[in-house]
$ cat model.cif   # mmCIF, C-alpha atoms
data_my_file
loop_
_atom_site.label_atom_id
_atom_site.label_comp_id
_atom_site.auth_asym_id
_atom_site.auth_seq_id
_atom_site.Cartn_x
_atom_site.Cartn_y
_atom_site.Cartn_z
CA MET Q 1 97.51 93.54 74.42
CA ARG Q 2 96.28 96.03 76.93
CA ALA Q 3 95.43 95.58 80.60
CA VAL Q 4 93.80 97.99 82.99
CA ILE Q 5 95.07 96.74 86.35
CA GLN Q 6 93.33 97.71 89.56
CA ARG Q 7 94.57 96.90 93.04
CA VAL Q 8 91.46 95.68 94.84
CA ASN Q 9 90.19 94.80 98.27
CA ARG Q 10 87.54 92.73 96.52
CA ALA Q 11 86.33 92.14 92.95
CA SER Q 12 83.71 89.95 91.34
CA VAL Q 13 82.15 89.30 87.97
CA SER Q 14 78.62 88.05 87.29
CA VAL Q 15 76.73 86.98 84.19
CA SER Q 16 72.92 87.14 84.19
CA GLY Q 17 72.95 87.49 87.98
CA GLU Q 18 75.16 84.40 88.48
CA LEU Q 19 78.49 84.91 90.22
CA MET Q 20 81.28 83.64 87.93
CA GLY Q 21 84.43 84.83 89.67
CA LEU Q 22 85.32 86.42 93.00
CA ILE Q 23 88.59 87.44 94.64
CA ASP Q 24 89.50 89.23 97.79
CA HIS Q 25 92.74 91.20 98.11
CA GLY Q 26 94.53 91.18 94.75
CA LEU Q 27 94.30 92.52 91.22
CA CYS Q 28 91.43 92.92 88.80
CA LEU Q 29 92.55 93.02 85.18
CA LEU Q 30 90.40 94.25 82.31
CA ILE Q 31 92.05 92.71 79.24
CA GLY Q 32 91.89 93.98 75.65
CA ILE Q 33 93.36 91.88 72.85
CA LYS Q 34 94.51 93.48 69.62
CA HIS Q 35 94.24 91.83 66.21
CA ASP Q 36 98.03 91.47 65.85
CA ASP Q 37 98.89 90.35 69.39
CA THR Q 38 101.28 87.42 69.74
CA GLU Q 39 102.50 85.08 72.45
CA ASP Q 40 105.23 87.65 73.23
CA ASP Q 41 102.52 90.20 74.09
CA LEU Q 42 100.84 87.67 76.34
CA LYS Q 43 104.09 86.79 78.13
CA TYR Q 44 104.86 90.48 78.67
CA ILE Q 45 101.47 91.15 80.29
CA VAL Q 46 101.75 88.10 82.56
CA ASP Q 47 105.32 88.77 83.69
CA LYS Q 48 104.88 92.50 84.17
CA THR Q 49 101.61 92.08 86.09
CA LEU Q 50 102.86 89.36 88.42
CA ASN Q 51 106.07 91.20 89.29
CA MET Q 52 104.87 94.81 89.39
CA ARG Q 53 105.31 96.23 92.89
CA ILE Q 54 101.98 97.90 93.58
CA PHE Q 55 101.11 96.66 97.07
CA PRO Q 56 102.21 98.26 100.33
CA GLU Q 57 104.66 96.56 102.66
CA GLU Q 58 103.10 95.10 105.79
CA SER Q 59 104.00 98.17 107.87
CA GLY Q 60 101.96 100.26 105.45
CA ASP Q 61 104.68 102.93 105.28
CA SER Q 62 104.82 102.80 101.49
CA GLY Q 63 102.28 101.85 98.86
CA PHE Q 64 104.46 100.30 96.17
CA ASP Q 65 106.83 97.69 97.59
CA GLN Q 66 105.36 94.25 96.95
CA SER Q 67 103.96 92.34 93.99
CA VAL Q 68 100.77 90.32 93.87
CA LEU Q 69 103.01 87.26 94.20
CA ASP Q 70 104.58 88.68 97.37
CA VAL Q 71 101.20 89.27 99.01
CA GLY Q 72 99.57 86.07 97.72
CA GLY Q 73 96.69 88.02 96.20
CA GLY Q 74 94.07 86.78 93.79
CA LEU Q 75 93.62 87.68 90.14
CA LEU Q 76 90.32 88.41 88.42
CA LEU Q 77 90.63 88.57 84.62
CA VAL Q 78 87.83 90.05 82.53
CA SER Q 79 87.96 90.30 78.73
CA GLN Q 80 87.11 93.77 77.45
CA PHE Q 81 87.48 94.45 73.72
CA THR Q 82 86.40 98.06 74.27
CA LEU Q 83 89.92 98.84 75.52
CA TYR Q 84 90.77 99.09 71.81
CA ALA Q 85 88.01 101.55 70.94
CA THR Q 86 88.92 104.24 68.41
CA THR Q 87 87.12 107.53 68.78
CA ARG Q 88 88.84 109.68 66.15
CA LYS Q 89 85.84 109.88 63.81
CA GLY Q 90 82.17 110.37 64.52
CA ARG Q 91 80.30 109.79 67.72
CA ARG Q 92 80.33 106.01 67.83
CA PRO Q 93 83.51 104.15 68.83
CA GLY Q 94 85.09 101.82 66.31
CA PHE Q 95 86.80 98.56 67.22
CA ILE Q 96 88.92 97.82 64.16
CA GLU Q 97 92.06 97.36 66.31
CA ALA Q 98 90.42 94.73 68.54
CA ALA Q 99 90.93 91.07 67.70
CA ARG Q 100 88.01 89.14 66.21
CA PRO Q 101 86.14 87.13 68.86
CA GLU Q 102 87.48 83.75 67.63
CA GLN Q 103 91.10 84.90 67.93
CA ALA Q 104 90.59 86.92 71.11
CA GLY Q 105 88.80 84.05 72.86
CA LEU Q 106 91.68 81.66 72.24
CA MET Q 107 94.27 84.20 73.33
CA PHE Q 108 92.28 85.13 76.44
CA ASP Q 109 92.12 81.44 77.42
CA GLN Q 110 95.90 81.17 76.91
CA LEU Q 111 96.41 84.28 79.05
CA VAL Q 112 94.31 82.85 81.89
CA GLU Q 113 96.20 79.54 81.75
CA SER Q 114 99.53 81.36 81.68
CA PHE Q 115 98.60 83.36 84.80
CA ARG Q 116 97.58 80.13 86.54
CA LEU Q 117 100.75 78.24 85.62
CA SER Q 118 103.13 81.15 86.25
CA SER Q 119 101.75 82.29 89.57
CA GLY Q 120 100.13 79.53 91.58
CA LEU Q 121 97.65 82.21 92.66
CA ARG Q 122 93.87 81.99 92.60
CA VAL Q 123 92.82 83.12 89.10
CA GLU Q 124 89.15 83.81 88.41
CA THR Q 125 87.43 84.97 85.20
CA GLY Q 126 84.13 85.97 83.75
CA VAL Q 127 82.68 84.47 80.57
CA PHE Q 128 84.37 85.53 77.34
CA GLY Q 129 81.99 87.46 75.08
CA ALA Q 130 79.17 87.62 77.63
CA SER Q 131 77.58 90.76 79.00
CA MET Q 132 79.15 90.93 82.45
CA LYS Q 133 78.68 92.95 85.61
CA VAL Q 134 82.03 93.69 87.24
CA ASP Q 135 82.03 94.85 90.86
CA ILE Q 136 85.34 96.34 91.99
CA GLU Q 137 86.37 97.80 95.33
CA ASN Q 138 89.54 99.60 94.26
CA ALA Q 139 92.22 99.83 96.98
CA GLY Q 140 94.15 103.07 97.10
CA PRO Q 141 92.76 103.73 94.54
CA VAL Q 142 95.47 102.25 92.34
CA THR Q 143 94.82 101.84 88.62
CA ILE Q 144 97.60 101.16 86.10
CA ILE Q 145 97.37 100.80 82.34
CA LEU Q 146 99.76 98.26 80.89
CA ASP Q 147 100.23 97.97 77.14
CA SER Q 148 102.41 95.29 75.55
CA GLU Q 149 103.40 97.74 72.81
CA ASP Q 150 105.35 99.63 75.50
CA ARG Q 151 107.82 96.75 75.84
CA ASN Q 152 109.63 97.97 72.73
CA THR Q 153 109.75 101.61 73.82
CA PRO Q 154 113.12 102.70 75.25
CA ARG Q 155 112.97 104.09 78.79
CA ARG Q 156 113.89 107.69 79.40
CA SER Q 157 116.31 108.47 82.18
CA GLU Q 158 114.35 109.41 85.26
#

$ encode --input "model.cif" --output "structure tokens"
Amino acid sequence: MRAVIQRVNRASVSVSGELMGLIDHGLCLLIGIKHDDTEDDLKYIVDKTLNMRIFPEESGDSGFDQSVLDVGGGLLLVSQFTLYATTRKGRRPGFIEAARPEQAGLMFDQLVESFRLSSGLRVETGVFGASMKVDIENAGPVTIILDSEDRNTPRRSE
């Protein structure tokens, strides 16, 4: 599972001109689901996202001291299978790594529910599989790519 996480002042998603989800201060997550993702991948994305310190402290002296839980921010989750595009061959991206819509839809719903139950925060979404317009006012800007495959990669000493 892959998430592109953006710290936002505001984010919304619309379908056919109708507003489906809107948050103020918080995180917008574009979510890609891979064909072999499991519940462990889902749990990793939820835990890492909720506890990642990517918000400034109230004094504003530093930019990476508090989590979305600490600041009581909102979460906007948008499914985006194109995060698993392969561009090795030809001029058209392939999506063989992305989960089939039936599987991805179920897992996306589980992810949304897990964020709701684990956080107590406002969690908004678009419409799975729909053509959506996402409006993001990135704060910072801060954009972080989180991949559940990284959970098994040993950390280097920094």

$ residues_around --input "model.cif" --residues "Arg116 in chain Q" --least-positions-apart "4" --cutoff "12 Å" --atoms "all atoms listed in the file" --output "list in words"
Val46, Asp47, Leu50, Leu69, Gly74, Leu75, Leu76, Leu77, Asp109, Gln110, Leu111, Val112, Gly120, Leu121, Arg122, Val123, Glu124 and Thr125 of chain Q

$ atom_distance --input "model.cif" --atom1 "CA of Val127 in chain Q" --atom2 "CA of Met20 in chain Q"
7.5 Å

$ resolve_selection --input "model.cif" --expression "the PyMOL selection byres ((chain Q and resi 85) around 8)" --output "number ranges by chain"
Q: 81-84, 86-87, 93-98

$ closest_residue --input "model.cif" --among "Q:Leu29, Q:Ile45, Q:Ala130, Q:Leu106" --to "Arg7 in chain Q" --atoms "all atoms listed in the file"
Q:Leu29

$ resolve_selection --input "model.cif" --expression "the PyMOL selection byres ((chain Q and resi 136) around 7)" --output "ChimeraX atom specification"
/Q:8,10-12,134-135,137-138

$ closest_residue --input "model.cif" --among "Q:Arg2, Q:Ile23, Q:Ser79, Q:Ala139" --to "Asp37 in chain Q" --atoms "all atoms listed in the file"
Q:Arg2

$ closest_residue --input "model.cif" --among "Q:Gly26, Q:Ala3, Q:Ile33, Q:Ser114" --to "Pro56 in chain Q" --atoms "all atoms listed in the file"
Q:Gly26

$ residues_around --input "model.cif" --residues "Val68 in chain Q" --least-positions-apart "3" --cutoff "8 Å" --atoms "only C-alpha atoms" --output "list in words"
Gly26, Leu27, Leu50, Asn51, Met52, Arg53, Ile54, Phe55, Val71, Gly72, Gly73 and Gly74 of chain Q

$ residues_around --input "model.cif" --residues "Asp150 in chain Q" --least-positions-apart "4" --cutoff "12 Å" --atoms "all atoms listed in the file" --output "CSV table (one decimal) with C-alpha atoms, in the frame of the given file"
chain,number,residue,atom,x,y,z
Q,1,MET,CA,97.5,93.5,74.4
Q,2,ARG,CA,96.3,96.0,76.9
Q,3,ALA,CA,95.4,95.6,80.6
Q,41,ASP,CA,102.5,90.2,74.1
Q,44,TYR,CA,104.9,90.5,78.7
Q,45,ILE,CA,101.5,91.2,80.3
Q,48,LYS,CA,104.9,92.5,84.2
Q,145,ILE,CA,97.4,100.8,82.3
Q,146,LEU,CA,99.8,98.3,80.9
Q,154,PRO,CA,113.1,102.7,75.2
Q,155,ARG,CA,113.0,104.1,78.8

$ atom_distance --input "model.cif" --atom1 "CA of Gln80 in chain Q" --atom2 "CA of His25 in chain Q"
21.6 Å

$ residues_near_point --input "model.cif" --point "(95.9, 101.0, 91.2)" --cutoff "7 Å" --atoms "only C-alpha atoms" --output "number ranges by chain"
Q: 5-7, 139-144

$ closest_residue --input "model.cif" --among "Q:Glu58, Q:Glu39, Q:Glu149, Q:Glu18" --to "Asp70 in chain Q" --atoms "all atoms listed in the file"
Q:Glu58

$ atom_distance --input "model.cif" --atom1 "CA of Leu42 in chain Q" --atom2 "CA of Ser148 in chain Q"
7.8 Å

$ closest_residue --input "model.cif" --among "Q:Thr49, Q:Lys34, Q:Val13, Q:Ser119" --to "Pro101 in chain Q" --atoms "all atoms listed in the file"
Q:Lys34

$ closest_residue --input "model.cif" --among "Q:Asn152, Q:Gln103, Q:Asn9, Q:Ser67" --to "Leu22 in chain Q" --atoms "all atoms listed in the file"
Q:Asn9

$ axis_aligned_box --input "model.cif" --around "range 38-44 of chain Q" --padding-each-side "4 Å" --output "JSON"
{"center_x": 103.0, "center_y": 87.8, "center_z": 74.2, "size_x": 12.4, "size_y": 13.4, "size_z": 16.9}

$ decode --input "model.cif" --residues "range 78-150 of chain Q" --atoms "C-alpha atoms" --output "compact mmCIF listing (two decimals), in the first residue's frame"
# COMPACT_ATOMS: atom_id res chain seq x y z
CA VAL Q 78 -8.69 9.63 -1.83
CA SER Q 79 -8.18 6.33 -3.66
CA GLN Q 80 -5.66 6.58 -6.48
CA PHE Q 81 -4.66 3.39 -8.30
CA THR Q 82 -2.27 5.37 -10.49
CA LEU Q 83 0.23 5.40 -7.60
CA TYR Q 84 1.13 1.91 -8.84
CA ALA Q 85 1.74 2.93 -12.46
CA THR Q 86 4.64 1.19 -14.20
CA THR Q 87 6.39 3.19 -16.87
CA ARG Q 88 9.28 0.90 -17.81
CA LYS Q 89 7.96 0.02 -21.27
CA GLY Q 90 6.33 2.16 -23.92
CA ARG Q 91 4.63 5.48 -23.54
CA ARG Q 92 1.47 4.41 -21.74
CA PRO Q 93 1.59 3.54 -18.02
CA GLY Q 94 0.65 0.02 -16.99
CA PHE Q 95 -1.19 -0.80 -13.78
CA ILE Q 96 -0.47 -4.50 -13.30
CA GLU Q 97 0.72 -3.93 -9.71
CA ALA Q 98 -2.50 -2.16 -8.69
CA ALA Q 99 -5.24 -4.21 -7.03
CA ARG Q 100 -8.35 -5.02 -9.06
CA PRO Q 101 -11.21 -2.62 -8.29
CA GLU Q 102 -13.24 -5.23 -6.34
CA GLN Q 103 -10.32 -5.96 -3.99
CA ALA Q 104 -9.10 -2.36 -3.78
CA GLY Q 105 -12.59 -1.04 -2.98
CA LEU Q 106 -12.97 -3.38 -0.03
CA MET Q 107 -9.50 -2.62 1.29
CA PHE Q 108 -10.01 1.13 0.85
CA ASP Q 109 -13.24 0.92 2.88
CA GLN Q 110 -11.37 -1.01 5.60
CA LEU Q 111 -8.63 1.63 5.59
CA VAL Q 112 -11.14 4.46 6.01
CA GLU Q 113 -12.87 2.63 8.87
CA SER Q 114 -9.53 1.89 10.52
CA PHE Q 115 -8.55 5.58 10.39
CA ARG Q 116 -11.92 6.49 11.93
CA LEU Q 117 -11.71 3.94 14.74
CA SER Q 118 -8.02 4.49 15.50
CA SER Q 119 -8.02 8.27 15.53
CA GLY Q 120 -11.34 9.79 16.53
CA LEU Q 121 -10.52 12.48 13.95
CA ARG Q 122 -12.75 13.75 11.18
CA VAL Q 123 -12.17 11.42 8.21
CA GLU Q 124 -13.55 12.39 4.80
CA THR Q 125 -13.32 10.56 1.46
CA GLY Q 126 -14.19 10.82 -2.17
CA VAL Q 127 -16.05 8.11 -4.10
CA PHE Q 128 -14.04 4.98 -4.85
CA GLY Q 129 -13.58 4.48 -8.60
CA ALA Q 130 -15.14 7.81 -9.58
CA SER Q 131 -13.47 10.56 -11.55
CA MET Q 132 -12.68 13.05 -8.80
CA LYS Q 133 -11.44 16.61 -8.56
CA VAL Q 134 -9.10 17.03 -5.60
CA ASP Q 135 -8.35 20.56 -4.41
CA ILE Q 136 -5.36 20.78 -2.05
CA GLU Q 137 -3.79 23.76 -0.35
CA ASN Q 138 -0.49 22.21 0.70
CA ALA Q 139 0.99 23.67 3.91
CA GLY Q 140 4.75 24.05 3.95
CA PRO Q 141 4.70 22.52 1.38
CA VAL Q 142 5.08 19.13 3.04
CA THR Q 143 4.60 15.98 0.97
CA ILE Q 144 5.71 12.54 2.17
CA ILE Q 145 5.51 9.21 0.36
CA LEU Q 146 4.78 6.28 2.63
CA ASP Q 147 5.02 2.73 1.32
CA SER Q 148 4.07 -0.29 3.42
CA GLU Q 149 6.82 -2.31 1.74
CA ASP Q 150 9.30 -0.10 3.63
